[in-house]
>>> print(open('start39.csv').read())   # CSV, C-alpha atoms
chain,number,residue,atom,x,y,z
A,1043,MET,CA,200.9,100.6,-15.0
A,1044,SER,CA,198.2,100.6,-17.5
A,1045,LEU,CA,198.8,99.7,-21.1
A,1046,SER,CA,197.0,101.3,-24.0
A,1047,PRO,CA,195.0,99.0,-26.3
A,1048,ARG,CA,197.8,99.3,-28.9
A,1049,ASP,CA,200.5,98.3,-26.4
A,1050,LYS,CA,198.3,95.3,-25.3
A,1051,MET,CA,197.9,94.3,-28.9
A,1052,ASP,CA,201.7,94.4,-29.4
A,1053,CYS,CA,202.1,92.3,-26.2
A,1054,TYR,CA,199.6,89.8,-27.4
A,1055,ILE,CA,201.4,89.5,-30.7
A,1056,GLU,CA,204.7,88.9,-29.0
A,1057,LEU,CA,203.2,86.4,-26.6
A,1058,TYR,CA,201.4,84.6,-29.4
A,1059,LYS,CA,204.8,84.4,-31.3
A,1060,LEU,CA,206.5,83.0,-28.2
A,1061,ARG,CA,203.9,80.4,-27.5
A,1062,ARG,CA,203.7,79.4,-31.1
A,1063,ALA,CA,207.5,79.1,-31.3
A,1064,GLY,CA,207.6,76.9,-28.2
A,1065,PHE,CA,204.9,74.7,-29.7
A,1066,ASP,CA,206.7,74.4,-33.0
A,1067,LYS,CA,210.0,73.6,-31.2
A,1068,ARG,CA,208.4,70.9,-29.1
A,1069,ARG,CA,206.7,69.4,-32.2
A,1070,ASP,CA,210.1,69.2,-34.0
A,1071,PHE,CA,211.7,67.6,-31.0
A,1072,GLU,CA,208.7,65.2,-30.6
A,1073,TRP,CA,209.2,63.9,-34.2
A,1074,LYS,CA,213.0,63.6,-33.9
A,1075,LEU,CA,212.6,61.6,-30.7
A,1076,SER,CA,209.9,59.4,-32.2
A,1077,LEU,CA,211.8,58.8,-35.4
A,1078,GLY,CA,215.0,58.1,-33.4
A,1079,LEU,CA,213.2,55.5,-31.3
A,1080,TRP,CA,211.6,53.9,-34.4
A,1081,ALA,CA,214.9,53.8,-36.2
A,1082,ALA,CA,216.6,52.2,-33.1
A,1083,ILE,CA,213.9,49.5,-33.0
A,1084,ALA,CA,214.3,48.9,-36.8
A,1085,ILE,CA,218.1,48.6,-36.5
A,1086,LEU,CA,217.7,46.1,-33.7
A,1087,ALA,CA,215.3,44.1,-35.8
A,1088,SER,CA,217.6,44.2,-38.8
A,1089,LYS,CA,220.4,42.8,-36.6
A,1090,ALA,CA,218.2,39.9,-35.5
A,1091,ILE,CA,217.4,39.1,-39.1
A,1092,SER,CA,221.0,39.0,-40.1
A,1093,VAL,CA,222.4,36.8,-37.3
A,1094,ASP,CA,222.8,33.0,-37.4
A,1095,HIS,CA,219.6,31.9,-35.7
A,1096,GLU,CA,220.8,28.3,-35.1
A,1097,LYS,CA,224.0,29.4,-33.4
A,1098,LEU,CA,222.3,32.0,-31.2
A,1099,ALA,CA,219.0,30.2,-30.5
A,1100,GLY,CA,218.0,30.7,-26.8
A,1101,SER,CA,220.8,33.1,-26.0
A,1102,ILE,CA,218.7,36.1,-25.0
A,1103,ASN,CA,216.7,36.1,-21.8
A,1104,GLY,CA,213.1,36.1,-23.0
A,1105,LEU,CA,211.5,37.6,-19.9
A,1106,GLY,CA,214.0,40.5,-19.7
A,1107,PHE,CA,213.6,41.1,-23.4
A,1108,LEU,CA,209.8,41.3,-23.2
A,1109,ALA,CA,210.0,43.3,-20.0
A,1110,GLY,CA,212.3,45.8,-21.7
A,1111,HIS,CA,209.9,46.2,-24.7
A,1112,VAL,CA,206.9,46.6,-22.4
A,1113,LEU,CA,208.8,49.2,-20.4
A,1114,ILE,CA,209.8,51.1,-23.6
A,1115,PHE,CA,206.2,51.1,-24.7
A,1116,TYR,CA,204.8,52.2,-21.3
A,1117,MET,CA,207.3,55.0,-21.0
A,1118,TYR,CA,206.7,56.2,-24.6
A,1119,ALA,CA,202.9,56.0,-24.5
A,1120,PHE,CA,202.0,56.9,-20.9
A,1121,SER,CA,204.8,59.2,-19.9
A,1122,TRP,CA,206.3,60.9,-22.9
A,1123,SER,CA,203.3,61.0,-25.3
A,1124,LYS,CA,200.8,61.9,-22.6
A,1125,TRP,CA,202.9,64.8,-21.3
A,1126,LEU,CA,203.8,65.9,-24.8
A,1127,HIS,CA,200.3,66.0,-26.2
A,1128,SER,CA,198.9,67.6,-23.1
A,1129,ALA,CA,201.6,70.4,-23.3
A,1130,ASN,CA,200.8,70.8,-27.0
A,1131,GLU,CA,197.1,71.2,-26.3
A,1132,PHE,CA,197.8,73.7,-23.5
A,1133,ASP,CA,200.0,75.8,-25.8
A,1134,LYS,CA,197.6,75.7,-28.7
A,1135,GLU,CA,194.8,76.8,-26.4
A,1136,TYR,CA,197.0,79.5,-25.0
A,1137,PHE,CA,198.2,80.9,-28.3
A,1138,TYR,CA,194.8,80.8,-29.9
A,1139,SER,CA,193.4,82.8,-27.0
A,1140,TYR,CA,196.0,85.6,-27.9
A,1141,LYS,CA,195.0,85.2,-31.6
A,1142,ASP,CA,191.3,85.5,-30.7
A,1143,ALA,CA,191.9,88.6,-28.6
A,1144,LEU,CA,193.9,90.2,-31.5
A,1145,GLU,CA,191.1,89.4,-34.0
A,1146,GLU,CA,188.5,90.8,-31.6
A,1147,TYR,CA,190.6,94.0,-31.4
A,1148,VAL,CA,191.1,94.3,-35.1
A,1149,ASN,CA,187.4,93.6,-35.9
A,1150,SER,CA,186.1,95.9,-33.3
A,1151,THR,CA,184.1,99.0,-34.4
A,1152,GLU,CA,184.9,100.9,-31.2
A,1153,PRO,CA,187.8,103.4,-31.6
A,1154,ALA,CA,189.8,102.1,-28.6
A,1155,PRO,CA,188.4,98.8,-27.2
A,1156,VAL,CA,189.6,97.7,-23.8
A,1157,LEU,CA,191.3,94.4,-24.2
A,1158,SER,CA,190.8,92.0,-21.3
A,1159,PRO,CA,193.8,90.2,-19.9
A,1160,ILE,CA,194.4,86.6,-21.2
A,1161,GLU,CA,193.7,84.1,-18.5
A,1162,MET,CA,195.5,80.9,-18.2
A,1163,PRO,CA,193.5,78.2,-19.9
A,1164,THR,CA,191.5,76.1,-17.5
A,1165,LYS,CA,190.4,73.5,-20.0
A,1166,LYS,CA,192.0,70.2,-19.1
A,1167,VAL,CA,193.0,67.8,-21.8
A,1168,LEU,CA,191.0,64.8,-20.6
A,1169,ARG,CA,192.3,62.3,-23.2
A,1170,PRO,CA,195.5,63.4,-24.8
A,1171,LEU,CA,196.3,59.8,-25.8
A,1172,LEU,CA,193.1,59.5,-27.9
A,1173,GLN,CA,194.0,62.4,-30.2
A,1174,PRO,CA,194.9,61.3,-33.8
A,1175,ALA,CA,198.6,62.4,-33.7
A,1176,SER,CA,199.1,60.7,-30.4
A,1177,MET,CA,197.3,57.5,-31.3
A,1178,THR,CA,199.3,57.3,-34.6
A,1179,GLN,CA,202.6,57.6,-32.8
A,1180,ILE,CA,201.6,55.1,-30.1
A,1181,VAL,CA,200.3,52.6,-32.7
A,1182,ILE,CA,203.5,52.8,-34.8
A,1183,THR,CA,205.6,52.3,-31.7
A,1184,ALA,CA,203.5,49.3,-30.6
A,1185,VAL,CA,203.6,47.7,-34.0
A,1186,LEU,CA,207.4,48.1,-34.3
A,1187,LEU,CA,208.0,46.7,-30.8
A,1188,ILE,CA,205.7,43.7,-31.5
A,1189,PHE,CA,207.4,43.2,-34.8
A,1190,ASN,CA,210.8,43.3,-33.0
A,1191,VAL,CA,209.7,40.7,-30.5
A,1192,LEU,CA,208.4,38.4,-33.2
A,1193,ILE,CA,211.7,38.7,-35.1
A,1194,PHE,CA,213.7,37.9,-31.9
A,1195,TRP,CA,211.4,35.1,-30.8
A,1196,PRO,CA,213.6,32.2,-31.9
A,1197,LEU,CA,216.6,33.7,-30.1
A,1198,LEU,CA,214.9,34.1,-26.7
A,1199,SER,CA,215.4,31.6,-23.9
A,1200,TRP,CA,212.7,31.0,-21.3
A,1201,PRO,CA,213.4,29.9,-17.7
A,1202,CYS,CA,210.3,27.6,-17.6
A,1203,LYS,CA,211.2,25.8,-20.9
A,1204,SER,CA,212.3,22.3,-20.4
>>> encode(input="start39.csv", output="structure tokens")
Amino acid sequence: MSLSPRDKMDCYIELYKLRRAGFDKRRDFEWKLSLGLWAAIAILASKAISVDHEKLAGSINGLGFLAGHVLIFYMYAFSWSKWLHSANEFDKEYFYSYKDALEEYVNSTEPAPVLSPIEMPTKKVLRPLLQPASMTQIVITAVLLIFNVLIFWPLLSWPCKS
């Protein structure tokens, strides 16, 4: 089955809309998850500020607490954020390729240009964690986790402490 240039253009428009919608939906979810995590860390920190420090001093396992915070950071930065920003870059490259094909079609002087099929993007995102949006989210998460550890520090107990 061969599509006319007009049918291909309509397909490209629909595919562009679908890719763009997926990108926007993921971006909304990304911020909801990030803000939820940051709110949870802030709530935990506010609880530590409001407790009686003298009464609860040394009541929380320090190693477990630190390990939990390191695990949260690792999962957020190197699993969630890496996957998310790689997927976002892939979708952006993909929907921009449709947009470029449409612009080429519209700006063409030929009466019926032949539109080439859109190939899957082959460009790999080498460093998704170094992009400004990703770095901003990772730095905010790290700062909040470090702040949380510092607030809880007087409440932590250490097995090697005499």
>>> atom_distance(input="start39.csv", atom1="CA of Phe1137 (chain A)", atom2="CA of Lys1067 (chain A)")
14.2 Å
>>> closest_residue(input="start39.csv", among="A:Asp1133, A:Asp1066, A:Trp1195, A:His1127", to="Met1177 (chain A)", atoms="all atoms listed in the file")
A:His1127
>>> atom_distance(input="start39.csv", atom1="CA of Phe1107 (chain A)", atom2="CA of Ala1081 (chain A)")
18.1 Å
>>> closest_residue(input="start39.csv", among="A:Ser1176, A:Glu1135, A:Val1148, A:Leu1075", to="Ser1123 (chain A)", atoms="all atoms listed in the file")
A:Ser1176
>>> atom_distance(input="start39.csv", atom1="CA of Ser1092 (chain A)", atom2="CA of Leu1197 (chain A)")
12.1 Å
>>> closest_residue(input="start39.csv", among="A:Ala1184, A:Leu1105, A:Arg1048, A:Leu1057", to="Lys1141 (chain A)", atoms="all atoms listed in the file")
A:Leu1057
>>> closest_residue(input="start39.csv", among="A:Val1093, A:Leu1144, A:Leu1126, A:Val1112", to="Glu1072 (chain A)", atoms="all atoms listed in the file")
A:Leu1126
>>> closest_residue(input="start39.csv", among="A:Ala1175, A:Glu1145, A:Phe1115, A:Leu1198", to="Ile1055 (chain A)", atoms="only C-alpha atoms")
A:Glu1145
>>> closest_residue(input="start39.csv", among="A:Ser1088, A:Asn1149, A:Thr1183, A:Ser1139", to="Tyr1054 (chain A)", atoms="all atoms listed in the file")
A:Ser1139
>>> residues_around(input="start39.csv", residues="Gln1173 (chain A)", least_positions_apart="6", cutoff="12 Å", atoms="only C-alpha atoms", output="PyMOL selection string")
chain A and resi 1123-1124+1126-1128+1130-1131+1167+1179-1181
